[in-house]
Amino acid sequence: MLDLSRKLTDELVLGDDVYPMKISFNKVLKVIELINDDEIDEIYKPYLALQIFTDVDFTQALTPEEATGIFKMVFEEHIRLIPARDTAPVLDLAGNPIKSKIRSRSQSETSARLFSLKYDAEYIYSSFMQAYGIDLIDSQNSLHWKKFNALLNGLPSDTKFSEVIKIRAYKPQKGDSKKYRESMKELKKEYALPKDFDY
């Protein structure tokens, strides 16, 4: 959550050492992609994630258990996925987000998934340009993840991303004409997300 009373200062403190972290939206997306990559050994994922945020290689300094615990702490304290239209980490029994996929909502809510940061990237990009004049490609490594979330959740209803969300969320209402229902059915097909997507 964005706290307007505080500056966005992200640091990883390990004993006497302080490592500045860059929690920009593109780095978070890269980490989420990393977590969901089945071709990367689970043991390396927390090390790689920490390196993405700090530019420091911790493979010699931390045990796998320490790296996992620290990554979990960083994820909980600094990232927290989008609440309103959220994607949330699926945790194992130890509360470890890197042992399983990060998915949009829970498995039981598959049909309720309304957006994907990956598959809706073009809609998000164009909507940020339209609403805020922000070029997300040019803003990589500078736009903080929490700011990105706040702006995403605040997109006006006339942006493409918001329109797509409305289409996906549509449920027939009493009084809707047959023509309108058919039109919305076609639009829902056109803008449907893949059945299985990571984020």
# chains A, B, ... in the order shown; residues from 1 in each chain; ligands from 1
call {"tool": "closest_atom_pairs", "arguments": {"of": "segment 118-165 of chain A", "to": "segment 21-39 of chain A", "cutoff": "10 Å", "atoms": "only C-alpha atoms", "output": "Markdown table"}}
result
| residue | atom | partner | partner_atom | distance |
| --- | --- | --- | --- | --- |
| A:Lys118 | CA | A:Leu29 | CA | 8.3 |
| A:Leu136 | CA | A:Asn26 | CA | 8.8 |
| A:Ile137 | CA | A:Asn26 | CA | 8.9 |
| A:Ser139 | CA | A:Asn26 | CA | 8.8 |
| A:Gln140 | CA | A:Asn26 | CA | 5.8 |
| A:Asn141 | CA | A:Ser24 | CA | 5.2 |
| A:Ser142 | CA | A:Ser24 | CA | 6.0 |
| A:Leu143 | CA | A:Ser24 | CA | 5.4 |
| A:His144 | CA | A:Ser24 | CA | 4.2 |
| A:Trp145 | CA | A:Phe25 | CA | 4.1 |
| A:Lys146 | CA | A:Phe25 | CA | 7.8 |
| A:Lys147 | CA | A:Phe25 | CA | 8.5 |
| A:Phe148 | CA | A:Phe25 | CA | 6.4 |
| A:Asn149 | CA | A:Phe25 | CA | 8.5 |
call {"tool": "select_by_dssp", "arguments": {"residues": "segment 4-182 of chain A", "states": "strand (DSSP E)", "output": "list in words"}}
result
Glu11, Leu12, Val13, Leu14, Asp17, Val18, Tyr19, Pro20, Ala88, Pro89, Ile102 and Arg103 of chain A
call {"tool": "residues_around", "arguments": {"residues": "Asp10 of chain A", "least_positions_apart": "2", "cutoff": "10 Å", "atoms": "only C-alpha atoms", "output": "PyMOL selection string"}}
result
chain A and resi 7-8+12-13+19-23+53-54+74+77-78
call {"tool": "select_by_dssp", "arguments": {"residues": "chain A", "states": "alpha helix (DSSP H)", "output": "PDB file with N, CA and C atoms, in the first residue's frame"}}
result
ATOM      1  N   PHE A  25       8.492  -1.174 -11.056  1.00  0.00           N
ATOM      2  CA  PHE A  25       7.457  -2.099 -11.518  1.00  0.00           C
ATOM      3  C   PHE A  25       8.018  -3.166 -12.456  1.00  0.00           C
ATOM      4  N   ASN A  26       8.951  -2.797 -13.327  1.00  0.00           N
ATOM      5  CA  ASN A  26       9.476  -3.774 -14.281  1.00  0.00           C
ATOM      6  C   ASN A  26      10.338  -4.833 -13.591  1.00  0.00           C
ATOM      7  N   LYS A  27      11.037  -4.450 -12.519  1.00  0.00           N
ATOM      8  CA  LYS A  27      11.834  -5.433 -11.771  1.00  0.00           C
ATOM      9  C   LYS A  27      10.916  -6.414 -11.045  1.00  0.00           C
ATOM     10  N   VAL A  28       9.805  -5.905 -10.500  1.00  0.00           N
ATOM     11  CA  VAL A  28       8.839  -6.791  -9.837  1.00  0.00           C
ATOM     12  C   VAL A  28       8.254  -7.768 -10.846  1.00  0.00           C
ATOM     13  N   LEU A  29       7.899  -7.279 -12.026  1.00  0.00           N
ATOM     14  CA  LEU A  29       7.356  -8.167 -13.063  1.00  0.00           C
ATOM     15  C   LEU A  29       8.383  -9.216 -13.475  1.00  0.00           C
ATOM     16  N   LYS A  30       9.649  -8.803 -13.526  1.00  0.00           N
ATOM     17  CA  LYS A  30      10.726  -9.741 -13.863  1.00  0.00           C
ATOM     18  C   LYS A  30      10.844 -10.834 -12.796  1.00  0.00           C
ATOM     19  N   VAL A  31      10.720 -10.438 -11.533  1.00  0.00           N
ATOM     20  CA  VAL A  31      10.804 -11.402 -10.427  1.00  0.00           C
ATOM     21  C   VAL A  31       9.612 -12.355 -10.466  1.00  0.00           C
ATOM     22  N   ILE A  32       8.428 -11.840 -10.733  1.00  0.00           N
ATOM     23  CA  ILE A  32       7.244 -12.701 -10.822  1.00  0.00           C
ATOM     24  C   ILE A  32       7.408 -13.706 -11.956  1.00  0.00           C
ATOM     25  N   GLU A  33       7.945 -13.231 -13.082  1.00  0.00           N
ATOM     26  CA  GLU A  33       8.211 -14.122 -14.215  1.00  0.00           C
ATOM     27  C   GLU A  33       9.232 -15.192 -13.822  1.00  0.00           C
ATOM     28  N   LEU A  34      10.260 -14.792 -13.100  1.00  0.00           N
ATOM     29  CA  LEU A  34      11.285 -15.718 -12.627  1.00  0.00           C
ATOM     30  C   LEU A  34      10.672 -16.800 -11.732  1.00  0.00           C
ATOM     31  N   ILE A  35       9.838 -16.403 -10.793  1.00  0.00           N
ATOM     32  CA  ILE A  35       9.215 -17.335  -9.862  1.00  0.00           C
ATOM     33  C   ILE A  35       8.376 -18.369 -10.602  1.00  0.00           C
ATOM     34  N   LYS A  45      16.095 -19.427  -7.308  1.00  0.00           N
ATOM     35  CA  LYS A  45      15.133 -18.343  -7.488  1.00  0.00           C
ATOM     36  C   LYS A  45      15.254 -17.218  -6.454  1.00  0.00           C
ATOM     37  N   PRO A  46      15.372 -17.520  -5.150  1.00  0.00           N
ATOM     38  CA  PRO A  46      15.490 -16.396  -4.211  1.00  0.00           C
ATOM     39  C   PRO A  46      16.773 -15.595  -4.412  1.00  0.00           C
ATOM     40  N   TYR A  47      17.861 -16.273  -4.759  1.00  0.00           N
ATOM     41  CA  TYR A  47      19.126 -15.564  -5.025  1.00  0.00           C
ATOM     42  C   TYR A  47      18.978 -14.631  -6.219  1.00  0.00           C
ATOM     43  N   LEU A  48      18.383 -15.145  -7.293  1.00  0.00           N
ATOM     44  CA  LEU A  48      18.215 -14.337  -8.502  1.00  0.00           C
ATOM     45  C   LEU A  48      17.268 -13.172  -8.251  1.00  0.00           C
ATOM     46  N   ALA A  49      16.198 -13.424  -7.498  1.00  0.00           N
ATOM     47  CA  ALA A  49      15.240 -12.356  -7.193  1.00  0.00           C
ATOM     48  C   ALA A  49      15.900 -11.246  -6.388  1.00  0.00           C
ATOM     49  N   LEU A  50      16.672 -11.624  -5.369  1.00  0.00           N
ATOM     50  CA  LEU A  50      17.364 -10.624  -4.558  1.00  0.00           C
ATOM     51  C   LEU A  50      18.375  -9.843  -5.391  1.00  0.00           C
ATOM     52  N   GLN A  51      19.019 -10.530  -6.319  1.00  0.00           N
ATOM     53  CA  GLN A  51      19.989  -9.853  -7.186  1.00  0.00           C
ATOM     54  C   GLN A  51      19.302  -8.853  -8.114  1.00  0.00           C
ATOM     55  N   ILE A  52      18.098  -9.191  -8.588  1.00  0.00           N
ATOM     56  CA  ILE A  52      17.351  -8.262  -9.439  1.00  0.00           C
ATOM     57  C   ILE A  52      17.055  -6.972  -8.680  1.00  0.00           C
ATOM     58  N   PHE A  53      16.713  -7.092  -7.397  1.00  0.00           N
ATOM     59  CA  PHE A  53      16.352  -5.908  -6.609  1.00  0.00           C
ATOM     60  C   PHE A  53      17.556  -5.134  -6.073  1.00  0.00           C
ATOM     61  N   THR A  54      18.671  -5.815  -5.836  1.00  0.00           N
ATOM     62  CA  THR A  54      19.811  -5.152  -5.176  1.00  0.00           C
ATOM     63  C   THR A  54      21.059  -5.022  -6.047  1.00  0.00           C
ATOM     64  N   PRO A  64      20.658 -21.352   1.183  1.00  0.00           N
ATOM     65  CA  PRO A  64      19.368 -21.338   0.467  1.00  0.00           C
ATOM     66  C   PRO A  64      18.196 -20.993   1.390  1.00  0.00           C
ATOM     67  N   GLU A  65      18.230 -21.497   2.628  1.00  0.00           N
ATOM     68  CA  GLU A  65      17.152 -21.222   3.574  1.00  0.00           C
ATOM     69  C   GLU A  65      17.117 -19.735   3.935  1.00  0.00           C
ATOM     70  N   GLU A  66      18.310 -19.149   4.160  1.00  0.00           N
ATOM     71  CA  GLU A  66      18.378 -17.719   4.479  1.00  0.00           C
ATOM     72  C   GLU A  66      17.885 -16.879   3.309  1.00  0.00           C
ATOM     73  N   ALA A  67      18.324 -17.223   2.103  1.00  0.00           N
ATOM     74  CA  ALA A  67      17.915 -16.472   0.916  1.00  0.00           C
ATOM     75  C   ALA A  67      16.407 -16.538   0.734  1.00  0.00           C
ATOM     76  N   THR A  68      15.835 -17.730   0.956  1.00  0.00           N
ATOM     77  CA  THR A  68      14.388 -17.905   0.835  1.00  0.00           C
ATOM     78  C   THR A  68      13.646 -17.053   1.858  1.00  0.00           C
ATOM     79  N   GLY A  69      14.102 -17.080   3.095  1.00  0.00           N
ATOM     80  CA  GLY A  69      13.469 -16.290   4.145  1.00  0.00           C
ATOM     81  C   GLY A  69      13.559 -14.799   3.886  1.00  0.00           C
ATOM     82  N   ILE A  70      14.711 -14.357   3.419  1.00  0.00           N
ATOM     83  CA  ILE A  70      14.907 -12.932   3.141  1.00  0.00           C
ATOM     84  C   ILE A  70      14.047 -12.502   1.953  1.00  0.00           C
ATOM     85  N   PHE A  71      13.996 -13.340   0.925  1.00  0.00           N
ATOM     86  CA  PHE A  71      13.150 -13.001  -0.222  1.00  0.00           C
ATOM     87  C   PHE A  71      11.688 -12.918   0.196  1.00  0.00           C
ATOM     88  N   LYS A  72      11.246 -13.852   1.027  1.00  0.00           N
ATOM     89  CA  LYS A  72       9.859 -13.821   1.509  1.00  0.00           C
ATOM     90  C   LYS A  72       9.590 -12.507   2.244  1.00  0.00           C
ATOM     91  N   MET A  73      10.529 -12.087   3.087  1.00  0.00           N
ATOM     92  CA  MET A  73      10.386 -10.843   3.834  1.00  0.00           C
ATOM     93  C   MET A  73      10.320  -9.639   2.884  1.00  0.00           C
ATOM     94  N   VAL A  74      11.207  -9.617   1.893  1.00  0.00           N
ATOM     95  CA  VAL A  74      11.216  -8.526   0.914  1.00  0.00           C
ATOM     96  C   VAL A  74       9.882  -8.481   0.174  1.00  0.00           C
ATOM     97  N   ALA A 121      -0.521  -6.289 -21.125  1.00  0.00           N
ATOM     98  CA  ALA A 121       0.524  -5.255 -21.110  1.00  0.00           C
ATOM     99  C   ALA A 121       0.232  -4.121 -22.090  1.00  0.00           C
ATOM    100  N   GLU A 122      -0.261  -4.429 -23.286  1.00  0.00           N
ATOM    101  CA  GLU A 122      -0.544  -3.380 -24.275  1.00  0.00           C
ATOM    102  C   GLU A 122      -1.660  -2.462 -23.801  1.00  0.00           C
ATOM    103  N   TYR A 123      -2.697  -3.048 -23.192  1.00  0.00           N
ATOM    104  CA  TYR A 123      -3.811  -2.237 -22.692  1.00  0.00           C
ATOM    105  C   TYR A 123      -3.343  -1.355 -21.530  1.00  0.00           C
ATOM    106  N   ILE A 124      -2.516  -1.910 -20.667  1.00  0.00           N
ATOM    107  CA  ILE A 124      -1.997  -1.149 -19.533  1.00  0.00           C
ATOM    108  C   ILE A 124      -1.112  -0.014 -20.044  1.00  0.00           C
ATOM    109  N   TYR A 125      -0.232  -0.336 -20.977  1.00  0.00           N
ATOM    110  CA  TYR A 125       0.670   0.675 -21.545  1.00  0.00           C
ATOM    111  C   TYR A 125      -0.124   1.830 -22.159  1.00  0.00           C
ATOM    112  N   SER A 126      -1.070   1.498 -23.033  1.00  0.00           N
ATOM    113  CA  SER A 126      -1.823   2.556 -23.722  1.00  0.00           C
ATOM    114  C   SER A 126      -2.679   3.352 -22.747  1.00  0.00           C
ATOM    115  N   SER A 127      -3.184   2.704 -21.709  1.00  0.00           N
ATOM    116  CA  SER A 127      -4.021   3.396 -20.727  1.00  0.00           C
ATOM    117  C   SER A 127      -3.206   4.361 -19.868  1.00  0.00           C
ATOM    118  N   PHE A 128      -1.985   3.985 -19.527  1.00  0.00           N
ATOM    119  CA  PHE A 128      -1.105   4.898 -18.779  1.00  0.00           C
ATOM    120  C   PHE A 128      -0.759   6.114 -19.641  1.00  0.00           C
ATOM    121  N   MET A 129      -0.516   5.880 -20.921  1.00  0.00           N
ATOM    122  CA  MET A 129      -0.225   6.993 -21.827  1.00  0.00           C
ATOM    123  C   MET A 129      -1.435   7.920 -21.927  1.00  0.00           C
ATOM    124  N   GLN A 130      -2.618   7.330 -22.100  1.00  0.00           N
ATOM    125  CA  GLN A 130      -3.840   8.118 -22.265  1.00  0.00           C
ATOM    126  C   GLN A 130      -4.171   8.909 -21.004  1.00  0.00           C
ATOM    127  N   ALA A 131      -4.132   8.244 -19.859  1.00  0.00           N
ATOM    128  CA  ALA A 131      -4.585   8.871 -18.616  1.00  0.00           C
ATOM    129  C   ALA A 131      -3.543   9.789 -17.983  1.00  0.00           C
ATOM    130  N   TYR A 132      -2.278   9.370 -18.026  1.00  0.00           N
ATOM    131  CA  TYR A 132      -1.248  10.083 -17.272  1.00  0.00           C
ATOM    132  C   TYR A 132      -0.115  10.647 -18.123  1.00  0.00           C
ATOM    133  N   TRP A 145       7.070   0.331  -7.893  1.00  0.00           N
ATOM    134  CA  TRP A 145       5.994  -0.654  -7.942  1.00  0.00           C
ATOM    135  C   TRP A 145       4.729  -0.145  -7.245  1.00  0.00           C
ATOM    136  N   LYS A 146       4.858   0.489  -6.095  1.00  0.00           N
ATOM    137  CA  LYS A 146       3.682   0.968  -5.361  1.00  0.00           C
ATOM    138  C   LYS A 146       2.996   2.111  -6.101  1.00  0.00           C
ATOM    139  N   LYS A 147       3.768   2.962  -6.745  1.00  0.00           N
ATOM    140  CA  LYS A 147       3.183   4.028  -7.556  1.00  0.00           C
ATOM    141  C   LYS A 147       2.452   3.423  -8.761  1.00  0.00           C
ATOM    142  N   PHE A 148       3.095   2.438  -9.382  1.00  0.00           N
ATOM    143  CA  PHE A 148       2.479   1.754 -10.521  1.00  0.00           C
ATOM    144  C   PHE A 148       1.130   1.168 -10.115  1.00  0.00           C
ATOM    145  N   ASN A 149       1.077   0.492  -8.962  1.00  0.00           N
ATOM    146  CA  ASN A 149      -0.173  -0.091  -8.475  1.00  0.00           C
ATOM    147  C   ASN A 149      -1.251   0.963  -8.278  1.00  0.00           C
ATOM    148  N   ALA A 150      -0.869   2.078  -7.628  1.00  0.00           N
ATOM    149  CA  ALA A 150      -1.838   3.137  -7.355  1.00  0.00           C
ATOM    150  C   ALA A 150      -2.393   3.705  -8.661  1.00  0.00           C
ATOM    151  N   LEU A 151      -1.508   3.924  -9.637  1.00  0.00           N
ATOM    152  CA  LEU A 151      -1.945   4.456 -10.926  1.00  0.00           C
ATOM    153  C   LEU A 151      -2.796   3.445 -11.688  1.00  0.00           C
ATOM    154  N   LEU A 152      -2.434   2.177 -11.619  1.00  0.00           N
ATOM    155  CA  LEU A 152      -3.209   1.138 -12.299  1.00  0.00           C
ATOM    156  C   LEU A 152      -4.615   1.055 -11.720  1.00  0.00           C
ATOM    157  N   ASN A 153      -4.710   1.058 -10.396  1.00  0.00           N
ATOM    158  CA  ASN A 153      -6.014   0.979  -9.744  1.00  0.00           C
ATOM    159  C   ASN A 153      -6.849   2.233  -9.956  1.00  0.00           C
ATOM    160  N   LYS A 160      -8.621   1.987 -22.187  1.00  0.00           N
ATOM    161  CA  LYS A 160      -8.785   0.660 -22.786  1.00  0.00           C
ATOM    162  C   LYS A 160      -8.728  -0.436 -21.720  1.00  0.00           C
ATOM    163  N   PHE A 161      -7.777  -0.340 -20.795  1.00  0.00           N
ATOM    164  CA  PHE A 161      -7.647  -1.355 -19.758  1.00  0.00           C
ATOM    165  C   PHE A 161      -8.927  -1.459 -18.935  1.00  0.00           C
ATOM    166  N   SER A 162      -9.473  -0.325 -18.524  1.00  0.00           N
ATOM    167  CA  SER A 162     -10.709  -0.330 -17.728  1.00  0.00           C
ATOM    168  C   SER A 162     -11.875  -0.900 -18.531  1.00  0.00           C
ATOM    169  N   GLU A 163     -11.932  -0.577 -19.817  1.00  0.00           N
ATOM    170  CA  GLU A 163     -12.997  -1.102 -20.672  1.00  0.00           C
ATOM    171  C   GLU A 163     -12.901  -2.624 -20.790  1.00  0.00           C
ATOM    172  N   VAL A 164     -11.677  -3.132 -20.939  1.00  0.00           N
ATOM    173  CA  VAL A 164     -11.478  -4.584 -21.042  1.00  0.00           C
ATOM    174  C   VAL A 164     -11.887  -5.272 -19.741  1.00  0.00           C
ATOM    175  N   ILE A 165     -11.545  -4.670 -18.601  1.00  0.00           N
ATOM    176  CA  ILE A 165     -11.936  -5.230 -17.302  1.00  0.00           C
ATOM    177  C   ILE A 165     -13.461  -5.288 -17.201  1.00  0.00           C
ATOM    178  N   LYS A 166     -14.132  -4.217 -17.628  1.00  0.00           N
ATOM    179  CA  LYS A 166     -15.602  -4.181 -17.580  1.00  0.00           C
ATOM    180  C   LYS A 166     -16.202  -5.293 -18.444  1.00  0.00           C
ATOM    181  N   ILE A 167     -15.634  -5.484 -19.622  1.00  0.00           N
ATOM    182  CA  ILE A 167     -16.131  -6.537 -20.519  1.00  0.00           C
ATOM    183  C   ILE A 167     -15.966  -7.902 -19.864  1.00  0.00           C
ATOM    184  N   ARG A 168     -14.785  -8.166 -19.306  1.00  0.00           N
ATOM    185  CA  ARG A 168     -14.540  -9.472 -18.683  1.00  0.00           C
ATOM    186  C   ARG A 168     -15.418  -9.698 -17.461  1.00  0.00           C
ATOM    187  N   ALA A 169     -15.747  -8.625 -16.755  1.00  0.00           N
ATOM    188  CA  ALA A 169     -16.547  -8.746 -15.530  1.00  0.00           C
ATOM    189  C   ALA A 169     -18.055  -8.776 -15.814  1.00  0.00           C
ATOM    190  N   LYS A 178     -31.354  -8.720 -25.929  1.00  0.00           N
ATOM    191  CA  LYS A 178     -30.706  -9.912 -26.489  1.00  0.00           C
ATOM    192  C   LYS A 178     -29.506  -9.503 -27.340  1.00  0.00           C
ATOM    193  N   LYS A 179     -29.671  -8.427 -28.089  1.00  0.00           N
ATOM    194  CA  LYS A 179     -28.590  -7.946 -28.954  1.00  0.00           C
ATOM    195  C   LYS A 179     -27.380  -7.531 -28.109  1.00  0.00           C
ATOM    196  N   TYR A 180     -27.649  -6.829 -27.002  1.00  0.00           N
ATOM    197  CA  TYR A 180     -26.554  -6.374 -26.122  1.00  0.00           C
ATOM    198  C   TYR A 180     -25.847  -7.576 -25.490  1.00  0.00           C
ATOM    199  N   ARG A 181     -26.631  -8.546 -25.044  1.00  0.00           N
ATOM    200  CA  ARG A 181     -26.032  -9.746 -24.434  1.00  0.00           C
ATOM    201  C   ARG A 181     -25.148 -10.489 -25.434  1.00  0.00           C
ATOM    202  N   GLU A 182     -25.625 -10.607 -26.656  1.00  0.00           N
ATOM    203  CA  GLU A 182     -24.844 -11.284 -27.696  1.00  0.00           C
ATOM    204  C   GLU A 182     -23.558 -10.509 -27.990  1.00  0.00           C
ATOM    205  N   SER A 183     -23.680  -9.189 -28.051  1.00  0.00           N
ATOM    206  CA  SER A 183     -22.520  -8.341 -28.298  1.00  0.00           C
ATOM    207  C   SER A 183     -21.483  -8.507 -27.189  1.00  0.00           C
ATOM    208  N   MET A 184     -21.943  -8.504 -25.938  1.00  0.00           N
ATOM    209  CA  MET A 184     -21.033  -8.665 -24.802  1.00  0.00           C
ATOM    210  C   MET A 184     -20.420 -10.069 -24.787  1.00  0.00           C
ATOM    211  N   LYS A 185     -21.183 -11.049 -25.182  1.00  0.00           N
ATOM    212  CA  LYS A 185     -20.664 -12.422 -25.253  1.00  0.00           C
ATOM    213  C   LYS A 185     -19.512 -12.507 -26.247  1.00  0.00           C
ATOM    214  N   GLU A 186     -19.673 -11.859 -27.391  1.00  0.00           N
ATOM    215  CA  GLU A 186     -18.614 -11.843 -28.399  1.00  0.00           C
ATOM    216  C   GLU A 186     -17.386 -11.089 -27.902  1.00  0.00           C
ATOM    217  N   LEU A 187     -17.625  -9.953 -27.230  1.00  0.00           N
ATOM    218  CA  LEU A 187     -16.507  -9.169 -26.699  1.00  0.00           C
ATOM    219  C   LEU A 187     -15.759  -9.945 -25.610  1.00  0.00           C
ATOM    220  N   LYS A 188     -16.490 -10.673 -24.780  1.00  0.00           N
ATOM    221  CA  LYS A 188     -15.846 -11.487 -23.735  1.00  0.00           C
ATOM    222  C   LYS A 188     -14.951 -12.552 -24.362  1.00  0.00           C
ATOM    223  N   LYS A 189     -15.399 -13.125 -25.473  1.00  0.00           N
ATOM    224  CA  LYS A 189     -14.569 -14.100 -26.191  1.00  0.00           C
ATOM    225  C   LYS A 189     -13.323 -13.430 -26.759  1.00  0.00           C
ATOM    226  N   GLU A 190     -13.534 -12.256 -27.353  1.00  0.00           N
ATOM    227  CA  GLU A 190     -12.431 -11.531 -27.991  1.00  0.00           C
ATOM    228  C   GLU A 190     -11.351 -11.144 -26.979  1.00  0.00           C
TER     229      GLU A 190
END
call {"tool": "atom_distance", "arguments": {"atom1": "atom CA of Val56 of chain A", "atom2": "atom CA of Leu14 of chain A"}}
result
12.5 Å
